Amino acid sequence: MSVIKQEAAEMPPSLPLLASTVTFGRDPIGFFVKSYRRYGPVFRLRAFDFNLTVMLGARAHRAIFVDQAEKLSVRSGYRLLLSVMNDALLLADGERHAQQKRLVQPAFHVRRIERYVEFMHRAAERRMATWRDGMVVDVYEEARRMTLEVIMQVLTGADISAEYDAFARTLTYTFDYATKPNIQKWVRLDLPFTQYRRNRLARRQLDSMLYTMIARRRAEGGHGDDVLSWLIAARDADGSALSDAQVRDQVLLLIYAGHDTATCSLAWALHLLGCHPEALGAIEQELKRFGDSSRIGMAELADLVQLGMAIDETLRLYPPVWIGLRGVEADFEFNEWRIPAGSSLMYSAAASHRLPEVFPDPLRFDPQRFAPERKARLDPFSYIPFGGGAHMCVGKPLAQVELKVLLARLLSAWRFEPLHCGPVPMHYNPTLAPKHGLPMRLRRLR
Ligand code: HEM
């Protein structure tokens, strides 16, 4: 892979093809930061037929999210997802997107989220009931169970704890098959034991489950507290409602976008706090003031300042959505460069969050960076774990409440001791996850 500065009058030196491919494969975030230092906020990656412009830093984000957003398309950026769903927020541009957002966004209003807090408490209690003092658990897997349970309750009202394994497998399989390179997608051998056949079966199971839920809600008149009921009842300004297929697509995107992201954030936060006793101590002091953490609700969350800072810092170092993609529909100009229509563009929250001029000593976990007075001084486009502009994460208010409630419950009752602190092998597709899980030893606090 070579790095070439965009449309340069003079070609800057490019990294040796083999050496940079290896560096990129091993540590893409470090590779982006290094390339930023060498070439500035815009550079191209090229390998074989792969040609992509990478843009980093606050000014670049502002151009992508706001100033020139109309020249970009999320639908073509995330086109791999089109094989799973066709008509959902992250696959719609322009007016179509604005219309869908008007329908979906109110389902995540804080007043509605208040009703979901009990699901978060219940999911934490269920997992904690299976834990014993001194046992080693993979906190990534534990976080996945909690967040999948929460998201399914919030979205569909369904308690999937009994069918967790089968559901999680079907979900992972469907999205992995769609988004990861796989030759069987093109060969399409519909035979027993081929991945193509297994994917078709997984898709059928997922569809059957979602359409059954939709039919049940419609029969009940769409009354219910969950997001599914909201989508069924929602009407646009012209009175039009979403079809079953549109409701299915939106719900599937919400499960996809809302589940892995929360899983990674929760697991990384537990790991980082385990490795940084000072930050953990400040949170434990704060939690002690509440006494019984099972009573923590929306009203108390604002007072958990130290916990909020630690979550912000976790999302800086490990933003689950570590890259974002856009197709370029019309020539895009930035500084002296032109990114031509028809090409692809990528931004990386993970790399931009590690620029030392914005976040000094960037690899250090330091929640104090997000102390309220310091956070207020940050350029909002330099810290973008939830994206920005029209496609800003619709689930942000839910995720923020969920992370705080789950962490408050877990950290009030258990100490999470890491078996290992230091660099963790990562998995980059599609979210920023630990490659081999995050094993931690549990110590009961009371
Ligand atoms: C810590 C948790 C989360 C993080 C870090 C996160 C991050 C993001 C980011 C960066 C984007 C923008 C992608 C882009 O512009 O290319 C996004 C979009 C989106 N997120 Fe989240 N997300 C989280 C949780 C959730 C949850 C809980 C839900 C829903 C239940 C959700 C639903 C969505 C949807 C539907 C979009 C597309 C919005 C649009 O296109 O208008 N996310 N998220």
# chains A, B, ... in the order shown; residues from 1 in each chain; ligands from 1
$ residues_near_ligand --ligand "ligand 1" --cutoff "7 Å" --atoms "only C-alpha atoms and all ligand atoms" --output "PyMOL selection string"
chain A and resi 74+89-91+97+101+151+253-255+257-259+261-262+265+315+319-321+324-325+384-388+390-396+398-400
$ select_by_dssp --residues "range 15-242 of chain A" --states "strand (DSSP E or B)" --output "number ranges by chain"
A: 42-47, 50-55, 72-73, 136-138
$ select_by_dssp --residues "range 191-326 of chain A" --states "helix (DSSP H, G or I)" --output "number ranges by chain"
A: 195-219, 227-233, 244-275, 277-288, 293-295, 298-301, 305-317
$ closest_residue --among "A:Met426, A:Leu272, A:Ala433, A:Leu191" --to "Pro28 in chain A" --atoms "only C-alpha atoms"
A:Met426
$ atom_distance --atom1 "CA of Leu432 in chain A" --atom2 "CA of Ala351 in chain A"
11.9 Å
$ residues_around --residues "range 244-251 of chain A" --least-positions-apart "4" --cutoff "8 Å" --atoms "only C-alpha atoms" --output "list of chain:residue names"
A:Met85, A:Asn86, A:Asp87, A:Ala88, A:Leu89, A:Leu155, A:Asp207, A:Leu210, A:Tyr211, A:Ile214, A:Leu228, A:Leu231, A:Ile232, A:Ile255
$ closest_residue --among "A:Ala215, A:Val84, A:Val227, A:Leu301" --to "Ser243 in chain A" --atoms "only C-alpha atoms"
A:Ala215
$ closest_residue --among "A:Asp303, A:Glu373, A:Asp292, A:Asp133" --to "Arg409 in chain A" --atoms "only C-alpha atoms"
A:Asp292
$ closest_residue --among "A:Gly308, A:Pro360, A:Gly40, A:Gly134" --to "Arg444 in chain A" --atoms "only C-alpha atoms"
A:Gly134
$ residues_around --residues "Ala63 in chain A" --least-positions-apart "5" --cutoff "12 Å" --atoms "only C-alpha atoms" --output "list of chain:residue names"
A:Pro41, A:Val42, A:Met55, A:Leu56, A:Gly57, A:Ala58, A:Gln68, A:Ala69, A:Glu70, A:Lys71, A:Leu72, A:Phe332, A:Glu333, A:Phe334, A:Asn335, A:Leu345, A:Tyr347, A:Phe381, A:Gly388, A:Gly389
$ residues_around --residues "Leu419 in chain A" --least-positions-apart "3" --cutoff "10 Å" --atoms "only C-alpha atoms" --output "PyMOL selection string"
chain A and resi 136+271+274-275+416+438-441
$ atom_distance --atom1 "CA of Leu80 in chain A" --atom2 "CA of Ala178 in chain A"
6.2 Å
$ atom_distance --atom1 "CA of Val150 in chain A" --atom2 "CA of Tyr116 in chain A"
8.2 Å
$ residues_around --residues "Glu300 in chain A" --least-positions-apart "4" --cutoff "10 Å" --atoms "only C-alpha atoms" --output "JSON, numbers by chain"
{"A": [290, 293, 295, 296, 304, 405]}
$ closest_residue --among "A:Arg354, A:His109, A:Ala371, A:Ser412" --to "Ala124 in chain A" --atoms "only C-alpha atoms"
A:Ser412
$ residues_around --residues "Gly342 in chain A" --least-positions-apart "6" --cutoff "9 Å" --atoms "only C-alpha atoms" --output "PDB file with N, CA and C atoms, in the first residue's frame"
ATOM      1  N   GLY A 327     -19.131   8.236  -0.047  1.00  0.00           N
ATOM      2  CA  GLY A 327     -18.846   8.270  -1.477  1.00  0.00           C
ATOM      3  C   GLY A 327     -18.829   9.737  -1.904  1.00  0.00           C
ATOM      4  N   VAL A 328     -17.926  10.118  -2.799  1.00  0.00           N
ATOM      5  CA  VAL A 328     -17.847  11.521  -3.242  1.00  0.00           C
ATOM      6  C   VAL A 328     -18.714  11.664  -4.501  1.00  0.00           C
ATOM      7  N   GLU A 329     -19.765  12.487  -4.394  1.00  0.00           N
ATOM      8  CA  GLU A 329     -20.725  12.631  -5.501  1.00  0.00           C
ATOM      9  C   GLU A 329     -20.386  13.817  -6.396  1.00  0.00           C
ATOM     10  N   ALA A 330     -19.774  14.851  -5.794  1.00  0.00           N
ATOM     11  CA  ALA A 330     -19.346  16.019  -6.584  1.00  0.00           C
ATOM     12  C   ALA A 330     -17.966  16.405  -6.063  1.00  0.00           C
ATOM     13  N   ASP A 331     -17.129  16.984  -6.930  1.00  0.00           N
ATOM     14  CA  ASP A 331     -15.747  17.302  -6.522  1.00  0.00           C
ATOM     15  C   ASP A 331     -15.732  18.015  -5.171  1.00  0.00           C
TER      16      ASP A 331
END
$ closest_residue --among "A:Asp366, A:Leu442, A:Pro425, A:Pro106" --to "Ala234 in chain A" --atoms "only C-alpha atoms"
A:Pro106
$ decode --residues "range 203-305 of chain A" --atoms "C-alpha atoms" --output "PDB file, in the first residue's frame"
ATOM      1  CA  ARG A 203     -31.154 -13.826   7.029  1.00  0.00           C
ATOM      2  CA  ARG A 204     -34.395 -15.808   6.868  1.00  0.00           C
ATOM      3  CA  GLN A 205     -34.364 -16.383  10.648  1.00  0.00           C
ATOM      4  CA  LEU A 206     -33.694 -12.713  11.362  1.00  0.00           C
ATOM      5  CA  ASP A 207     -36.442 -11.600   8.968  1.00  0.00           C
ATOM      6  CA  SER A 208     -38.929 -14.067  10.354  1.00  0.00           C
ATOM      7  CA  MET A 209     -38.258 -12.815  13.896  1.00  0.00           C
ATOM      8  CA  LEU A 210     -38.490  -9.131  12.964  1.00  0.00           C
ATOM      9  CA  TYR A 211     -41.589  -9.460  10.775  1.00  0.00           C
ATOM     10  CA  THR A 212     -43.340 -11.489  13.503  1.00  0.00           C
ATOM     11  CA  MET A 213     -42.635  -8.695  15.996  1.00  0.00           C
ATOM     12  CA  ILE A 214     -43.876  -6.057  13.543  1.00  0.00           C
ATOM     13  CA  ALA A 215     -47.098  -7.997  12.837  1.00  0.00           C
ATOM     14  CA  ARG A 216     -47.718  -8.439  16.563  1.00  0.00           C
ATOM     15  CA  ARG A 217     -47.238  -4.734  17.264  1.00  0.00           C
ATOM     16  CA  ARG A 218     -49.479  -3.731  14.355  1.00  0.00           C
ATOM     17  CA  ALA A 219     -52.190  -6.092  15.648  1.00  0.00           C
ATOM     18  CA  GLU A 220     -51.900  -4.411  19.060  1.00  0.00           C
ATOM     19  CA  GLY A 221     -52.355  -1.014  17.372  1.00  0.00           C
ATOM     20  CA  GLY A 222     -48.687  -0.006  17.790  1.00  0.00           C
ATOM     21  CA  HIS A 223     -49.165   0.801  21.469  1.00  0.00           C
ATOM     22  CA  GLY A 224     -46.085   0.110  23.524  1.00  0.00           C
ATOM     23  CA  ASP A 225     -43.094   1.866  24.992  1.00  0.00           C
ATOM     24  CA  ASP A 226     -40.553   0.388  22.589  1.00  0.00           C
ATOM     25  CA  VAL A 227     -39.028   2.002  19.517  1.00  0.00           C
ATOM     26  CA  LEU A 228     -40.788  -0.508  17.238  1.00  0.00           C
ATOM     27  CA  SER A 229     -44.195   0.743  18.412  1.00  0.00           C
ATOM     28  CA  TRP A 230     -42.993   4.282  17.858  1.00  0.00           C
ATOM     29  CA  LEU A 231     -41.929   3.541  14.275  1.00  0.00           C
ATOM     30  CA  ILE A 232     -45.204   1.809  13.486  1.00  0.00           C
ATOM     31  CA  ALA A 233     -47.251   4.718  14.831  1.00  0.00           C
ATOM     32  CA  ALA A 234     -45.019   7.464  13.349  1.00  0.00           C
ATOM     33  CA  ARG A 235     -46.492   9.646  10.579  1.00  0.00           C
ATOM     34  CA  ASP A 236     -44.660  12.117   8.368  1.00  0.00           C
ATOM     35  CA  ALA A 237     -45.978  15.656   7.714  1.00  0.00           C
ATOM     36  CA  ASP A 238     -47.974  14.319   4.718  1.00  0.00           C
ATOM     37  CA  GLY A 239     -49.510  11.586   6.902  1.00  0.00           C
ATOM     38  CA  SER A 240     -47.501   8.738   5.362  1.00  0.00           C
ATOM     39  CA  ALA A 241     -46.439   5.799   7.529  1.00  0.00           C
ATOM     40  CA  LEU A 242     -43.523   3.372   7.223  1.00  0.00           C
ATOM     41  CA  SER A 243     -44.157   0.067   5.431  1.00  0.00           C
ATOM     42  CA  ASP A 244     -43.275  -3.251   7.143  1.00  0.00           C
ATOM     43  CA  ALA A 245     -40.073  -3.476   5.078  1.00  0.00           C
ATOM     44  CA  GLN A 246     -39.067   0.064   6.080  1.00  0.00           C
ATOM     45  CA  VAL A 247     -39.743  -0.628   9.767  1.00  0.00           C
ATOM     46  CA  ARG A 248     -37.703  -3.857   9.501  1.00  0.00           C
ATOM     47  CA  ASP A 249     -34.777  -2.009   7.892  1.00  0.00           C
ATOM     48  CA  GLN A 250     -34.760   0.775  10.476  1.00  0.00           C
ATOM     49  CA  VAL A 251     -34.961  -1.665  13.403  1.00  0.00           C
ATOM     50  CA  LEU A 252     -32.213  -3.865  11.978  1.00  0.00           C
ATOM     51  CA  LEU A 253     -29.932  -0.839  11.527  1.00  0.00           C
ATOM     52  CA  LEU A 254     -30.676   0.271  15.082  1.00  0.00           C
ATOM     53  CA  ILE A 255     -29.792  -3.189  16.428  1.00  0.00           C
ATOM     54  CA  TYR A 256     -26.603  -3.219  14.351  1.00  0.00           C
ATOM     55  CA  ALA A 257     -25.556   0.356  15.148  1.00  0.00           C
ATOM     56  CA  GLY A 258     -26.622   0.277  18.773  1.00  0.00           C
ATOM     57  CA  HIS A 259     -25.319  -3.034  19.971  1.00  0.00           C
ATOM     58  CA  ASP A 260     -21.659  -3.563  19.050  1.00  0.00           C
ATOM     59  CA  THR A 261     -20.882   0.077  19.771  1.00  0.00           C
ATOM     60  CA  ALA A 262     -22.223  -0.045  23.321  1.00  0.00           C
ATOM     61  CA  THR A 263     -20.539  -3.427  23.877  1.00  0.00           C
ATOM     62  CA  CYS A 264     -17.096  -2.088  22.946  1.00  0.00           C
ATOM     63  CA  SER A 265     -17.491   1.114  24.976  1.00  0.00           C
ATOM     64  CA  LEU A 266     -18.559  -0.726  28.116  1.00  0.00           C
ATOM     65  CA  ALA A 267     -15.807  -3.339  27.847  1.00  0.00           C
ATOM     66  CA  TRP A 268     -13.038  -0.802  27.127  1.00  0.00           C
ATOM     67  CA  ALA A 269     -14.195   1.394  30.019  1.00  0.00           C
ATOM     68  CA  LEU A 270     -13.992  -1.542  32.471  1.00  0.00           C
ATOM     69  CA  HIS A 271     -10.554  -2.504  31.178  1.00  0.00           C
ATOM     70  CA  LEU A 272      -9.141   1.037  31.234  1.00  0.00           C
ATOM     71  CA  LEU A 273     -10.484   1.756  34.713  1.00  0.00           C
ATOM     72  CA  GLY A 274      -9.062  -1.557  35.928  1.00  0.00           C
ATOM     73  CA  CYS A 275      -5.652  -0.437  34.668  1.00  0.00           C
ATOM     74  CA  HIS A 276      -5.938   3.107  36.125  1.00  0.00           C
ATOM     75  CA  PRO A 277      -6.706   2.874  39.852  1.00  0.00           C
ATOM     76  CA  GLU A 278      -6.620   6.660  40.338  1.00  0.00           C
ATOM     77  CA  ALA A 279      -9.440   7.305  37.886  1.00  0.00           C
ATOM     78  CA  LEU A 280     -11.343   4.333  39.304  1.00  0.00           C
ATOM     79  CA  GLY A 281     -10.890   5.659  42.860  1.00  0.00           C
ATOM     80  CA  ALA A 282     -12.476   9.014  41.928  1.00  0.00           C
ATOM     81  CA  ILE A 283     -15.495   7.188  40.484  1.00  0.00           C
ATOM     82  CA  GLU A 284     -15.824   4.877  43.501  1.00  0.00           C
ATOM     83  CA  GLN A 285     -15.896   7.940  45.801  1.00  0.00           C
ATOM     84  CA  GLU A 286     -18.600   9.470  43.670  1.00  0.00           C
ATOM     85  CA  LEU A 287     -20.657   6.258  43.675  1.00  0.00           C
ATOM     86  CA  LYS A 288     -20.388   5.908  47.463  1.00  0.00           C
ATOM     87  CA  ARG A 289     -22.448   9.089  47.817  1.00  0.00           C
ATOM     88  CA  PHE A 290     -25.389   7.286  46.236  1.00  0.00           C
ATOM     89  CA  GLY A 291     -25.348   4.345  48.603  1.00  0.00           C
ATOM     90  CA  ASP A 292     -27.739   2.061  46.772  1.00  0.00           C
ATOM     91  CA  SER A 293     -26.804   2.168  43.086  1.00  0.00           C
ATOM     92  CA  SER A 294     -29.930   0.204  42.133  1.00  0.00           C
ATOM     93  CA  ARG A 295     -31.848   3.459  42.630  1.00  0.00           C
ATOM     94  CA  ILE A 296     -29.774   5.425  40.117  1.00  0.00           C
ATOM     95  CA  GLY A 297     -32.104   6.980  37.558  1.00  0.00           C
ATOM     96  CA  MET A 298     -31.968   9.818  35.025  1.00  0.00           C
ATOM     97  CA  ALA A 299     -32.055  12.489  37.736  1.00  0.00           C
ATOM     98  CA  GLU A 300     -28.863  11.186  39.390  1.00  0.00           C
ATOM     99  CA  LEU A 301     -26.842  10.690  36.208  1.00  0.00           C
ATOM    100  CA  ALA A 302     -25.835  14.346  35.858  1.00  0.00           C
ATOM    101  CA  ASP A 303     -24.109  14.132  39.253  1.00  0.00           C
ATOM    102  CA  LEU A 304     -21.849  11.270  38.123  1.00  0.00           C
ATOM    103  CA  VAL A 305     -19.297  13.716  36.744  1.00  0.00           C
TER     104      VAL A 305
END
